[in-house]
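Trainee: Sharing start.cif (mmCIF, N, CA and C atoms) below.
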data_final
#
loop_
_atom_site.label_atom_id
_atom_site.label_comp_id
_atom_site.auth_asym_id
_atom_site.auth_seq_id
_atom_site.Cartn_x
_atom_site.Cartn_y
_atom_site.Cartn_z
N MET A 1 83.57 0.58 -69.19
CA MET A 1 84.57 1.49 -68.67
C MET A 1 85.85 1.34 -69.47
N SER A 2 86.47 2.43 -69.78
CA SER A 2 87.71 2.43 -70.56
C SER A 2 88.86 1.93 -69.71
N MET A 3 89.70 1.08 -70.29
CA MET A 3 90.85 0.55 -69.57
C MET A 3 92.12 1.29 -69.95
N GLN A 4 92.00 2.30 -70.79
CA GLN A 4 93.16 3.05 -71.23
C GLN A 4 93.78 3.77 -70.04
N GLY A 5 95.09 3.65 -69.89
CA GLY A 5 95.77 4.32 -68.80
C GLY A 5 95.84 3.49 -67.52
N ARG A 6 95.25 2.31 -67.52
CA ARG A 6 95.27 1.45 -66.34
C ARG A 6 96.41 0.45 -66.43
N ASP A 7 97.01 0.14 -65.31
CA ASP A 7 98.11 -0.82 -65.27
C ASP A 7 97.53 -2.21 -65.05
N LEU A 8 97.59 -3.04 -66.06
CA LEU A 8 97.03 -4.39 -66.00
C LEU A 8 98.10 -5.47 -65.85
N ARG A 9 99.31 -5.06 -65.50
CA ARG A 9 100.41 -6.04 -65.38
C ARG A 9 100.16 -7.10 -64.33
N LYS A 10 99.34 -6.81 -63.31
CA LYS A 10 99.08 -7.80 -62.27
C LYS A 10 98.31 -9.01 -62.82
N PHE A 11 97.63 -8.84 -63.96
CA PHE A 11 96.90 -9.93 -64.58
C PHE A 11 97.74 -10.69 -65.60
N GLN A 12 98.93 -10.22 -65.82
CA GLN A 12 99.80 -10.78 -66.85
C GLN A 12 100.46 -12.05 -66.34
N ASN A 13 100.47 -13.10 -67.16
CA ASN A 13 101.23 -14.30 -66.84
C ASN A 13 101.97 -14.74 -68.11
N ASP A 14 102.78 -15.78 -68.00
CA ASP A 14 103.63 -16.20 -69.12
C ASP A 14 102.83 -16.59 -70.36
N SER A 15 101.68 -17.24 -70.19
CA SER A 15 100.91 -17.67 -71.36
C SER A 15 100.33 -16.46 -72.10
N ILE A 16 99.92 -15.42 -71.37
CA ILE A 16 99.40 -14.22 -72.01
C ILE A 16 100.52 -13.49 -72.74
N VAL A 17 101.67 -13.37 -72.11
CA VAL A 17 102.82 -12.71 -72.75
C VAL A 17 103.23 -13.46 -74.00
N ASP A 18 103.25 -14.79 -73.94
CA ASP A 18 103.65 -15.58 -75.08
C ASP A 18 102.63 -15.45 -76.23
N ALA A 19 101.35 -15.47 -75.91
CA ALA A 19 100.31 -15.33 -76.93
C ALA A 19 100.38 -13.95 -77.57
N PHE A 20 100.59 -12.92 -76.77
CA PHE A 20 100.68 -11.57 -77.30
C PHE A 20 101.92 -11.41 -78.18
N SER A 21 103.05 -11.97 -77.74
CA SER A 21 104.27 -11.86 -78.54
C SER A 21 104.11 -12.58 -79.87
N LYS A 22 103.42 -13.71 -79.87
CA LYS A 22 103.17 -14.45 -81.11
C LYS A 22 102.27 -13.63 -82.03
N LEU A 23 101.26 -12.98 -81.46
CA LEU A 23 100.33 -12.17 -82.23
C LEU A 23 101.03 -10.95 -82.86
N VAL A 24 101.86 -10.26 -82.07
CA VAL A 24 102.52 -9.04 -82.52
C VAL A 24 103.64 -9.31 -83.52
N SER A 25 104.47 -10.28 -83.21
CA SER A 25 105.68 -10.46 -84.03
C SER A 25 105.67 -11.71 -84.90
N GLY A 26 104.78 -12.64 -84.61
CA GLY A 26 104.78 -13.90 -85.35
C GLY A 26 105.72 -14.93 -84.75
N ARG A 27 106.36 -14.60 -83.65
CA ARG A 27 107.26 -15.56 -83.01
C ARG A 27 107.09 -15.49 -81.48
N HIS A 28 107.40 -16.58 -80.83
CA HIS A 28 107.28 -16.64 -79.37
C HIS A 28 108.45 -15.91 -78.71
N GLY A 29 108.19 -15.33 -77.55
CA GLY A 29 109.25 -14.70 -76.77
C GLY A 29 109.55 -13.26 -77.11
N TYR A 30 108.89 -12.71 -78.10
CA TYR A 30 109.12 -11.32 -78.48
C TYR A 30 108.56 -10.40 -77.40
N LYS A 31 109.32 -9.43 -76.97
CA LYS A 31 108.87 -8.46 -75.96
C LYS A 31 108.63 -7.12 -76.63
N THR A 32 107.43 -6.60 -76.49
CA THR A 32 107.11 -5.31 -77.07
C THR A 32 107.54 -4.19 -76.13
N VAL A 33 107.85 -3.06 -76.70
CA VAL A 33 108.21 -1.89 -75.92
C VAL A 33 107.20 -0.80 -76.27
N LEU A 34 106.47 -0.35 -75.26
CA LEU A 34 105.49 0.70 -75.47
C LEU A 34 106.14 2.03 -75.12
N GLU A 35 106.09 2.95 -76.06
CA GLU A 35 106.68 4.26 -75.83
C GLU A 35 105.61 5.23 -75.35
N LYS A 36 105.94 5.99 -74.34
CA LYS A 36 105.03 7.00 -73.84
C LYS A 36 105.14 8.24 -74.72
N LYS A 37 104.00 8.75 -75.14
CA LYS A 37 103.98 9.93 -76.00
C LYS A 37 104.42 11.14 -75.19
N ILE A 38 105.35 11.90 -75.74
CA ILE A 38 105.82 13.11 -75.07
C ILE A 38 104.90 14.25 -75.47
N VAL A 39 104.34 14.91 -74.46
CA VAL A 39 103.45 16.03 -74.70
C VAL A 39 104.27 17.31 -74.57
N HIS A 40 104.32 18.07 -75.64
CA HIS A 40 105.09 19.31 -75.64
C HIS A 40 104.24 20.46 -75.11
N PRO A 41 104.87 21.40 -74.42
CA PRO A 41 104.11 22.54 -73.90
C PRO A 41 103.62 23.46 -75.01
N LYS A 42 102.56 24.21 -74.70
CA LYS A 42 102.02 25.19 -75.63
C LYS A 42 101.94 26.53 -74.93
N CYS A 43 102.09 27.59 -75.72
CA CYS A 43 102.01 28.95 -75.19
C CYS A 43 100.55 29.31 -74.91
N VAL A 44 100.28 29.90 -73.73
CA VAL A 44 98.91 30.30 -73.39
C VAL A 44 98.46 31.52 -74.19
N LYS A 45 99.40 32.31 -74.70
CA LYS A 45 99.04 33.51 -75.48
C LYS A 45 98.83 33.21 -76.96
N CYS A 46 99.85 32.65 -77.60
CA CYS A 46 99.79 32.49 -79.06
C CYS A 46 99.53 31.05 -79.51
N GLY A 47 99.61 30.08 -78.60
CA GLY A 47 99.33 28.69 -78.95
C GLY A 47 100.48 27.96 -79.59
N ARG A 48 101.64 28.61 -79.72
CA ARG A 48 102.82 27.99 -80.33
C ARG A 48 103.31 26.84 -79.46
N GLY A 49 103.69 25.73 -80.09
CA GLY A 49 104.28 24.60 -79.38
C GLY A 49 105.74 24.87 -79.09
N GLY A 50 106.25 24.21 -78.07
CA GLY A 50 107.65 24.44 -77.70
C GLY A 50 108.34 23.18 -77.26
N ASP A 51 109.55 23.34 -76.79
CA ASP A 51 110.35 22.24 -76.27
C ASP A 51 110.04 22.03 -74.79
N PRO A 52 110.21 20.80 -74.28
CA PRO A 52 109.87 20.51 -72.90
C PRO A 52 110.56 21.39 -71.86
N GLU A 53 111.76 21.89 -72.16
CA GLU A 53 112.48 22.70 -71.17
C GLU A 53 112.10 24.18 -71.19
N GLN A 54 111.31 24.61 -72.17
CA GLN A 54 110.93 26.02 -72.27
C GLN A 54 109.84 26.36 -71.26
N LYS A 55 110.03 27.48 -70.55
CA LYS A 55 109.03 27.97 -69.59
C LYS A 55 108.23 29.12 -70.17
N PHE A 56 108.83 29.85 -71.11
CA PHE A 56 108.17 30.99 -71.73
C PHE A 56 108.37 30.93 -73.24
N CYS A 57 107.38 31.43 -73.97
CA CYS A 57 107.40 31.41 -75.43
C CYS A 57 108.46 32.37 -75.97
N PRO A 58 109.31 31.93 -76.89
CA PRO A 58 110.32 32.81 -77.46
C PRO A 58 109.74 33.82 -78.45
N MET A 59 108.50 33.62 -78.90
CA MET A 59 107.89 34.53 -79.87
C MET A 59 107.11 35.66 -79.22
N CYS A 60 106.37 35.36 -78.13
CA CYS A 60 105.52 36.39 -77.53
C CYS A 60 105.73 36.57 -76.03
N GLY A 61 106.52 35.70 -75.41
CA GLY A 61 106.79 35.81 -73.98
C GLY A 61 105.73 35.20 -73.08
N GLY A 62 104.71 34.56 -73.67
CA GLY A 62 103.65 33.93 -72.89
C GLY A 62 104.15 32.70 -72.14
N LYS A 63 103.42 32.32 -71.11
CA LYS A 63 103.79 31.15 -70.31
C LYS A 63 103.53 29.88 -71.10
N MET A 64 104.48 28.94 -71.04
CA MET A 64 104.33 27.64 -71.70
C MET A 64 103.74 26.66 -70.69
N ILE A 65 102.66 25.97 -71.07
CA ILE A 65 102.04 24.97 -70.21
C ILE A 65 101.98 23.63 -70.94
N VAL A 66 101.99 22.55 -70.18
CA VAL A 66 101.82 21.21 -70.75
C VAL A 66 100.33 20.88 -70.62
N PRO A 67 99.62 20.71 -71.76
CA PRO A 67 98.19 20.43 -71.70
C PRO A 67 97.90 19.05 -71.11
N LEU A 68 96.73 18.91 -70.49
CA LEU A 68 96.30 17.63 -69.95
C LEU A 68 96.04 16.65 -71.08
N THR A 69 96.44 15.40 -70.91
CA THR A 69 96.16 14.37 -71.90
C THR A 69 95.26 13.28 -71.32
N ASN A 70 95.07 13.30 -69.99
CA ASN A 70 94.20 12.35 -69.32
C ASN A 70 93.33 13.08 -68.32
N CYS A 71 92.12 12.56 -68.11
CA CYS A 71 91.20 13.13 -67.13
C CYS A 71 91.81 13.00 -65.74
N PRO A 72 91.83 14.08 -64.95
CA PRO A 72 92.40 14.00 -63.61
C PRO A 72 91.58 13.12 -62.66
N LYS A 73 90.31 12.88 -62.99
CA LYS A 73 89.44 12.08 -62.12
C LYS A 73 89.53 10.58 -62.41
N CYS A 74 89.38 10.20 -63.71
CA CYS A 74 89.33 8.76 -64.04
C CYS A 74 90.51 8.28 -64.88
N ASN A 75 91.39 9.18 -65.29
CA ASN A 75 92.60 8.88 -66.06
C ASN A 75 92.31 8.44 -67.50
N CYS A 76 91.09 8.65 -67.98
CA CYS A 76 90.74 8.33 -69.37
C CYS A 76 91.44 9.32 -70.29
N SER A 77 91.84 8.87 -71.46
CA SER A 77 92.50 9.74 -72.43
C SER A 77 91.54 10.80 -72.92
N ILE A 78 92.03 12.06 -73.03
CA ILE A 78 91.20 13.16 -73.49
C ILE A 78 91.91 13.90 -74.61
N GLU A 79 91.13 14.59 -75.43
CA GLU A 79 91.67 15.42 -76.50
C GLU A 79 91.92 16.82 -75.95
N LEU A 80 92.75 17.58 -76.62
CA LEU A 80 93.16 18.91 -76.17
C LEU A 80 91.98 19.87 -76.03
N ASN A 81 90.99 19.79 -76.91
CA ASN A 81 89.90 20.75 -76.88
C ASN A 81 88.66 20.28 -76.12
N GLN A 82 88.71 19.11 -75.48
CA GLN A 82 87.57 18.61 -74.72
C GLN A 82 87.30 19.46 -73.50
N LYS A 83 86.02 19.71 -73.22
CA LYS A 83 85.64 20.47 -72.03
C LYS A 83 85.17 19.54 -70.91
N PHE A 84 84.71 18.33 -71.27
CA PHE A 84 84.26 17.35 -70.29
C PHE A 84 84.78 15.97 -70.68
N CYS A 85 85.04 15.14 -69.69
CA CYS A 85 85.49 13.76 -69.91
C CYS A 85 84.31 12.95 -70.42
N THR A 86 84.50 12.20 -71.49
CA THR A 86 83.42 11.38 -72.04
C THR A 86 83.20 10.11 -71.23
N GLU A 87 84.09 9.78 -70.33
CA GLU A 87 83.97 8.59 -69.51
C GLU A 87 83.25 8.86 -68.19
N CYS A 88 83.65 9.93 -67.48
CA CYS A 88 83.09 10.19 -66.14
C CYS A 88 82.33 11.50 -66.05
N GLY A 89 82.40 12.36 -67.07
CA GLY A 89 81.69 13.62 -67.07
C GLY A 89 82.39 14.75 -66.32
N ASN A 90 83.59 14.49 -65.84
CA ASN A 90 84.36 15.51 -65.12
C ASN A 90 84.69 16.69 -66.04
N GLU A 91 84.56 17.90 -65.52
CA GLU A 91 84.93 19.08 -66.30
C GLU A 91 86.44 19.15 -66.42
N ILE A 92 86.92 19.33 -67.64
CA ILE A 92 88.34 19.40 -67.91
C ILE A 92 88.78 20.85 -67.92
N VAL A 93 89.64 21.21 -67.00
CA VAL A 93 90.18 22.56 -66.92
C VAL A 93 91.66 22.47 -67.22
N GLN A 94 92.05 22.97 -68.38
CA GLN A 94 93.46 22.94 -68.76
C GLN A 94 94.24 23.90 -67.87
N PRO A 95 95.49 23.56 -67.51
CA PRO A 95 96.31 24.45 -66.68
C PRO A 95 96.53 25.79 -67.36
N GLN A 96 96.62 26.84 -66.56
CA GLN A 96 96.83 28.19 -67.09
C GLN A 96 98.14 28.74 -66.63
#
So, in terms of structure tokens, how does the structure I just supplied come out?

Mentor:
Amino acid sequence: MSMQGRDLRKFQNDSIVDAFSKLVSGRHGYKTVLEKKIVHPKCVKCGRGGDPEQKFCPMCGGKMIVPLTNCPKCNCSIELNQKFCTECGNEIVQPQ
């Protein structure tokens, strides 16, 4: 089962954090910062990408939607063109 998208902080202790910091940076005590990828909306008519605050496409007037990046059933990461989740088999229906 894929662990992507799962919160594993409850299993975290000081020795794991220290080992990970040593592995990532080469020194003890280093804290990594994970950035969440920003998913930009796309136009349902022309497919043009837009800014997060846009509700309608400036080129064709189509509705801007934010595509799914995770399966709604199991939270596994999915690609934009996937029709089914490869982890749980759930049908992926992109918002319209």

Trainee: Once the PyMOL selection byres ((chain A and resi 87) around 8) has been applied to the shown file, what residues remain in the selection, as a list in words?

Mentor: Met1, Ser2, Cys74, Cys76, Ser77, Phe84, Cys85, Thr86, Cys88, Gly89 and Asn90 of chain A

Trainee: Can you tell me how far atom CA of Gly61 of chain A sits from atom CA of Lys45 of chain A, in Å to one decimal?

Mentor: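 Taking atom CA of Gly61 of chain A as the start and atom CA of Lys45 of chain A as the end point, the length is 8.2 Å.
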
Trainee: Got a sec to resolve the PyMOL selection byres (((chain A and resi 46-51 and name CA) around 12) and name CA) on this structure and send the residues as JSON, numbers by chain?

Mentor: {"A": [38, 39, 40, 41, 42, 43, 44, 45, 52, 53, 54, 55, 56, 57, 58, 59, 60, 61, 62, 63, 64, 65, 66, 67, 80]}

Trainee: Between atom C of Leu68 of chain A and atom N of Gln82 of chain A, what distance in Å does the model show, to one decimal?

Mentor: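 Rounded to one decimal, the two atoms are 8.9 Å apart.
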
Trainee: Any idea what the distance is between atom CA of Pro72 of chain A and atom CA of Arg6 of chain A?

Mentor: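 Going from atom CA of Pro72 of chain A over to atom CA of Arg6 of chain A covers 13.2 Å.
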
Trainee: Taking only segment 39-83 of chain A into account, list the residues labelled strand (DSSP E) by DSSP (computed from the backbone), as a list in words.

Mentor: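 Of segment 39-83 of chain A, the ones in strand (DSSP E) are Lys42, Cys43, Met64 and Ile65 of chain A.
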
Trainee: Once 8 Å is added on each side, what are the centre and the three edge lengths, in Å to one decimal, of the axis-aligned box enclosing the listed atoms of segment 65-78 of chain A? Present them as lines of an AutoDock Vina configuration file.

Mentor:
center_x = 96.0
center_y = 17.1
center_z = -68.4
size_x = 29.3
size_y = 33.7
size_z = 28.5

Trainee: From the DSSP assignment of the backbone, select every residue of chain A that is helix (DSSP H, G or I), and format the answer as a PyMOL selection string.

Mentor: chain A and resi 9-11+14-25
